[in-house]
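**Q** Before we start, here is the structure in question, set down as structure tokens.
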Amino acid sequence: VQLVESGGGVVQAGRSLRLSCAASGFNLRVYAMNWVRQAQGKGLEWVAVTSFDGNKEYYAASVKGRFTISRDHSRNSLLLQMNSLRPDDTAIYYCATSRGGGAATTPLVTWGRGTLVTVSS
Amino acid sequence: EIQMTQSPPSLPASVGDTVTITCQASRDIDNYLNWFQQKPGEAPKFLIYDASNLETGVPSRFSGSGSGTDFNFTISSLQPEDFATYYCLQYDSAPFTFGPGTKVDFK
């Protein structure tokens, strides 16, 4: 079971970026999936979750309306479309599976190694 | 949004010590609480789910307890590899929220 994030990089404030999280060894369709971020030297911040069927999505207040979580079933991947990026979005972004399929009441269990997003002003 | 407070922020300790970290939720989250360990430059490692259930393969010196709003995480007989930062996470309702973390470092 492995998750590998990609798509990070340096982007100017106001621009967009799309992150991807490729799963191997299991089918992403069965599980709820999350994005979590961590700014340099700071704590963990939960960003978004999508239920196994994509019918429920929830976001942190700090990204709601700017970020969209989705799945690419053909690639067994999780996506995060990030628009209107701000310098305070600069962080390592991790994807994480939940143990179950619901958008809540199921723990986060498996994590990728993260991808770094840097937003310049 | 449920707020999570975690204490202490820093916990100086020695090998062999027993240490306890507390997390408090701003409202009842039943037992929907994760504990994670994170070392510098690494992704978080999942240790405990549903407040007290140890993930497979995690040493039994780690334990968790609590329900409702108050939770504890204990490491018995601290080992050198346990020096790290620990986070709680509530997943009762979105937006999920992490505690600010507790750094267990050398006394």
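Order determines the names: the first chain of the structure tokens is A, the second B, and so forth; residues in each chain are numbered 1 upward, and ligands are numbered 1 upward as they are shown.
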If you count only C-alpha atoms, which residues fall within 12 Å of range 61-72 of chain A, apart from same-chain ones fewer than 6 positions away, as a ChimeraX atom specification?

**A** /A:14-23,27-37,45-55,78-86,88-89,95 /B:1,94-97

**Q** Quick check: residues of chain A within 7 Å of chain B, only C-alpha atoms, returned as a list in words.

**A**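 Listing them in order of chain and number gives Gly43, Leu44, Glu45, Trp46, Tyr58, Tyr59, Ala60, Ala104, Thr105, Thr106, Pro107, Val109, Trp111, Gly112 and Arg113 of chain A.
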
**Q** Measure the distance from CA of Glu5 in chain A to CA of Ala96 in chain A in Å and round it to one decimal.

**A** 10.1 Å

**Q** Could you please write out, as a list in words, every residue of range 5-55 of chain A that DSSP assigns to strand (DSSP E or B)?

**A**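 Strand (DSSP E or B) assignments inside range 5-55 of chain A correspond to Glu5, Ser6, Gly9, Val10, Val11, Gln12, Leu17, Arg18, Leu19, Ser20, Cys21, Ala22, Ala23, Ser24, Met33, Asn34, Trp35, Val36, Arg37, Gln38, Leu44, Glu45, Trp46, Val47, Ala48, Val49 and Thr50 of chain A.
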
**Q** With N, CA, C and O atoms retained, export the selected residues as a short mmCIF file (atom, residue, chain, number, x, y, z; two decimals), in the first residue's frame.

**A**
data_model
loop_
_atom_site.label_atom_id
_atom_site.label_comp_id
_atom_site.auth_asym_id
_atom_site.auth_seq_id
_atom_site.Cartn_x
_atom_site.Cartn_y
_atom_site.Cartn_z
N GLU A 5 2.54 11.49 -3.83
CA GLU A 5 2.05 12.79 -4.27
C GLU A 5 2.99 13.38 -5.32
O GLU A 5 4.20 13.11 -5.31
N SER A 6 2.41 14.19 -6.19
CA SER A 6 3.20 14.90 -7.20
C SER A 6 2.47 16.18 -7.58
O SER A 6 1.31 16.38 -7.19
N GLY A 9 5.41 22.54 -6.58
CA GLY A 9 6.39 23.40 -7.23
C GLY A 9 6.25 24.82 -6.76
O GLY A 9 5.55 25.09 -5.77
N VAL A 10 6.89 25.72 -7.47
CA VAL A 10 6.83 27.14 -7.14
C VAL A 10 5.84 27.81 -8.08
O VAL A 10 5.90 27.63 -9.30
N VAL A 11 4.93 28.58 -7.52
CA VAL A 11 3.90 29.25 -8.31
C VAL A 11 3.68 30.64 -7.75
O VAL A 11 3.84 30.87 -6.54
N GLN A 12 3.31 31.57 -8.62
CA GLN A 12 3.04 32.93 -8.16
C GLN A 12 1.68 33.02 -7.50
O GLN A 12 0.73 32.30 -7.86
N LEU A 17 -2.62 25.51 -9.28
CA LEU A 17 -1.76 24.32 -9.30
C LEU A 17 -2.64 23.12 -9.03
O LEU A 17 -3.63 23.23 -8.27
N ARG A 18 -2.30 21.99 -9.63
CA ARG A 18 -3.06 20.77 -9.36
C ARG A 18 -2.12 19.71 -8.83
O ARG A 18 -1.12 19.37 -9.48
N LEU A 19 -2.46 19.19 -7.67
CA LEU A 19 -1.70 18.10 -7.07
C LEU A 19 -2.36 16.77 -7.37
O LEU A 19 -3.58 16.68 -7.52
N SER A 20 -1.53 15.75 -7.42
CA SER A 20 -2.03 14.40 -7.66
C SER A 20 -1.46 13.46 -6.61
O SER A 20 -0.35 13.68 -6.11
N CYS A 21 -2.20 12.44 -6.28
CA CYS A 21 -1.76 11.43 -5.32
C CYS A 21 -2.09 10.07 -5.92
O CYS A 21 -3.27 9.70 -6.03
N ALA A 22 -1.07 9.36 -6.33
CA ALA A 22 -1.26 8.06 -6.97
C ALA A 22 -1.20 6.94 -5.94
O ALA A 22 -0.28 6.89 -5.13
N ALA A 23 -2.18 6.07 -5.99
CA ALA A 23 -2.24 4.95 -5.06
C ALA A 23 -1.79 3.67 -5.75
O ALA A 23 -2.11 3.44 -6.91
N SER A 24 -1.05 2.86 -5.02
CA SER A 24 -0.67 1.54 -5.53
C SER A 24 -0.89 0.52 -4.43
O SER A 24 -0.73 0.82 -3.25
N MET A 33 -10.79 9.85 1.15
CA MET A 33 -9.43 10.34 0.96
C MET A 33 -9.32 11.78 1.42
O MET A 33 -10.26 12.57 1.29
N ASN A 34 -8.13 12.12 1.93
CA ASN A 34 -7.92 13.43 2.52
C ASN A 34 -6.66 14.09 1.97
O ASN A 34 -5.73 13.43 1.53
N TRP A 35 -6.64 15.42 2.09
CA TRP A 35 -5.41 16.19 1.93
C TRP A 35 -5.13 16.90 3.26
O TRP A 35 -6.05 17.43 3.89
N VAL A 36 -3.88 16.88 3.64
CA VAL A 36 -3.41 17.54 4.86
C VAL A 36 -2.15 18.31 4.47
O VAL A 36 -1.37 17.85 3.64
N ARG A 37 -1.95 19.48 5.07
CA ARG A 37 -0.76 20.25 4.74
C ARG A 37 -0.01 20.65 6.00
O ARG A 37 -0.55 20.65 7.10
N GLN A 38 1.25 21.03 5.78
CA GLN A 38 2.10 21.44 6.88
C GLN A 38 3.09 22.49 6.39
O GLN A 38 3.95 22.20 5.57
N LEU A 44 0.33 20.30 11.73
CA LEU A 44 -0.46 19.73 10.65
C LEU A 44 -1.80 20.47 10.54
O LEU A 44 -2.41 20.82 11.55
N GLU A 45 -2.24 20.68 9.31
CA GLU A 45 -3.54 21.32 9.04
C GLU A 45 -4.31 20.45 8.06
O GLU A 45 -3.87 20.25 6.93
N TRP A 46 -5.45 19.96 8.49
CA TRP A 46 -6.31 19.20 7.59
C TRP A 46 -6.90 20.15 6.54
O TRP A 46 -7.29 21.28 6.87
N VAL A 47 -6.97 19.69 5.28
CA VAL A 47 -7.39 20.56 4.18
C VAL A 47 -8.74 20.16 3.60
O VAL A 47 -9.63 21.01 3.43
N ALA A 48 -8.90 18.86 3.28
CA ALA A 48 -10.13 18.45 2.59
C ALA A 48 -10.29 16.94 2.67
O ALA A 48 -9.32 16.21 2.86
N VAL A 49 -11.55 16.50 2.50
CA VAL A 49 -11.87 15.08 2.45
C VAL A 49 -12.93 14.85 1.39
O VAL A 49 -13.78 15.71 1.15
N THR A 50 -12.86 13.70 0.73
CA THR A 50 -13.92 13.26 -0.17
C THR A 50 -14.31 11.84 0.22
O THR A 50 -13.46 11.00 0.49
#

**Q** Might you pull out every residue within 7 Å of Ala91 in chain A, with only C-alpha atoms counted and same-chain residues fewer than 6 positions away left off, and present them as a short mmCIF file (atom, residue, chain, number, x, y, z; two decimals) with N, CA, C and O atoms, in the first residue's frame?

**A**
data_model
loop_
_atom_site.label_atom_id
_atom_site.label_comp_id
_atom_site.auth_asym_id
_atom_site.auth_seq_id
_atom_site.Cartn_x
_atom_site.Cartn_y
_atom_site.Cartn_z
N ARG A 37 -1.95 19.48 5.07
CA ARG A 37 -0.76 20.25 4.74
C ARG A 37 -0.01 20.65 6.00
O ARG A 37 -0.55 20.65 7.10
N GLN A 38 1.25 21.03 5.78
CA GLN A 38 2.10 21.44 6.88
C GLN A 38 3.09 22.49 6.39
O GLN A 38 3.95 22.20 5.57
N ALA A 39 2.93 23.68 6.90
CA ALA A 39 3.89 24.74 6.60
C ALA A 39 5.20 24.47 7.33
O ALA A 39 5.21 23.79 8.37
N GLN A 40 6.27 24.98 6.80
CA GLN A 40 7.59 24.76 7.37
C GLN A 40 7.62 25.14 8.84
O GLN A 40 7.28 26.26 9.21
N LEU A 116 5.88 19.47 -2.03
CA LEU A 116 6.04 20.84 -1.55
C LEU A 116 5.46 21.84 -2.54
O LEU A 116 5.78 21.83 -3.72
N VAL A 117 4.61 22.71 -2.02
CA VAL A 117 4.05 23.81 -2.80
C VAL A 117 4.57 25.11 -2.21
O VAL A 117 4.46 25.33 -0.99
N THR A 118 5.16 25.93 -3.05
CA THR A 118 5.67 27.23 -2.62
C THR A 118 4.97 28.30 -3.44
O THR A 118 5.04 28.29 -4.68
#

**Q** List the neighbours of Phe73 in chain B out to 7 Å using only C-alpha atoms; skip same-chain residues closer than 5 positions along the sequence, and give me the result as a PyMOL selection string.

**A** chain B and resi 20-22+63-65

**Q** Need to verify the contact set: Ala13 in chain B, 10 Å, only C-alpha atoms, exclusion of same-chain residues closer than 4 positions in sequence. Can you return it as an mmCIF file with N, CA and C atoms, in the first residue's frame?

**A**
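The result, stored in result-v4.cif:
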data_model
loop_
_atom_site.group_PDB
_atom_site.id
_atom_site.type_symbol
_atom_site.label_atom_id
_atom_site.label_comp_id
_atom_site.auth_asym_id
_atom_site.auth_seq_id
_atom_site.Cartn_x
_atom_site.Cartn_y
_atom_site.Cartn_z
ATOM 1 N N ASP B 17 11.487 6.968 30.698
ATOM 2 C CA ASP B 17 10.390 7.700 31.334
ATOM 3 C C ASP B 17 9.041 7.256 30.777
ATOM 4 N N THR B 18 8.011 7.503 31.549
ATOM 5 C CA THR B 18 6.637 7.400 31.073
ATOM 6 C C THR B 18 6.108 8.825 30.903
ATOM 7 N N VAL B 19 5.593 9.119 29.709
ATOM 8 C CA VAL B 19 5.115 10.472 29.425
ATOM 9 C C VAL B 19 3.662 10.413 28.977
ATOM 10 N N LEU B 78 9.925 5.200 27.614
ATOM 11 C CA LEU B 78 10.315 5.911 26.396
ATOM 12 C C LEU B 78 11.604 5.324 25.808
ATOM 13 N N PHE B 83 11.496 9.886 20.447
ATOM 14 C CA PHE B 83 11.629 11.342 20.518
ATOM 15 C C PHE B 83 11.163 11.923 19.192
ATOM 16 N N VAL B 104 8.236 15.816 22.072
ATOM 17 C CA VAL B 104 8.921 15.063 23.119
ATOM 18 C C VAL B 104 10.410 15.101 22.799
ATOM 19 N N ASP B 105 11.171 15.796 23.624
ATOM 20 C CA ASP B 105 12.596 15.896 23.336
ATOM 21 C C ASP B 105 13.419 15.545 24.571
ATOM 22 N N PHE B 106 14.722 15.513 24.369
ATOM 23 C CA PHE B 106 15.636 15.053 25.415
ATOM 24 C C PHE B 106 15.723 16.069 26.544
ATOM 25 N N LYS B 107 15.626 15.542 27.749
ATOM 26 C CA LYS B 107 15.722 16.397 28.929
ATOM 27 C C LYS B 107 17.161 16.909 29.068
#

**Q** So, with only C-alpha atoms as the atoms that count, which of B:Gly16, B:Thr69, B:Asp82, B:Val58 lies closest to Gln3 in chain B?

**A** B:Thr69
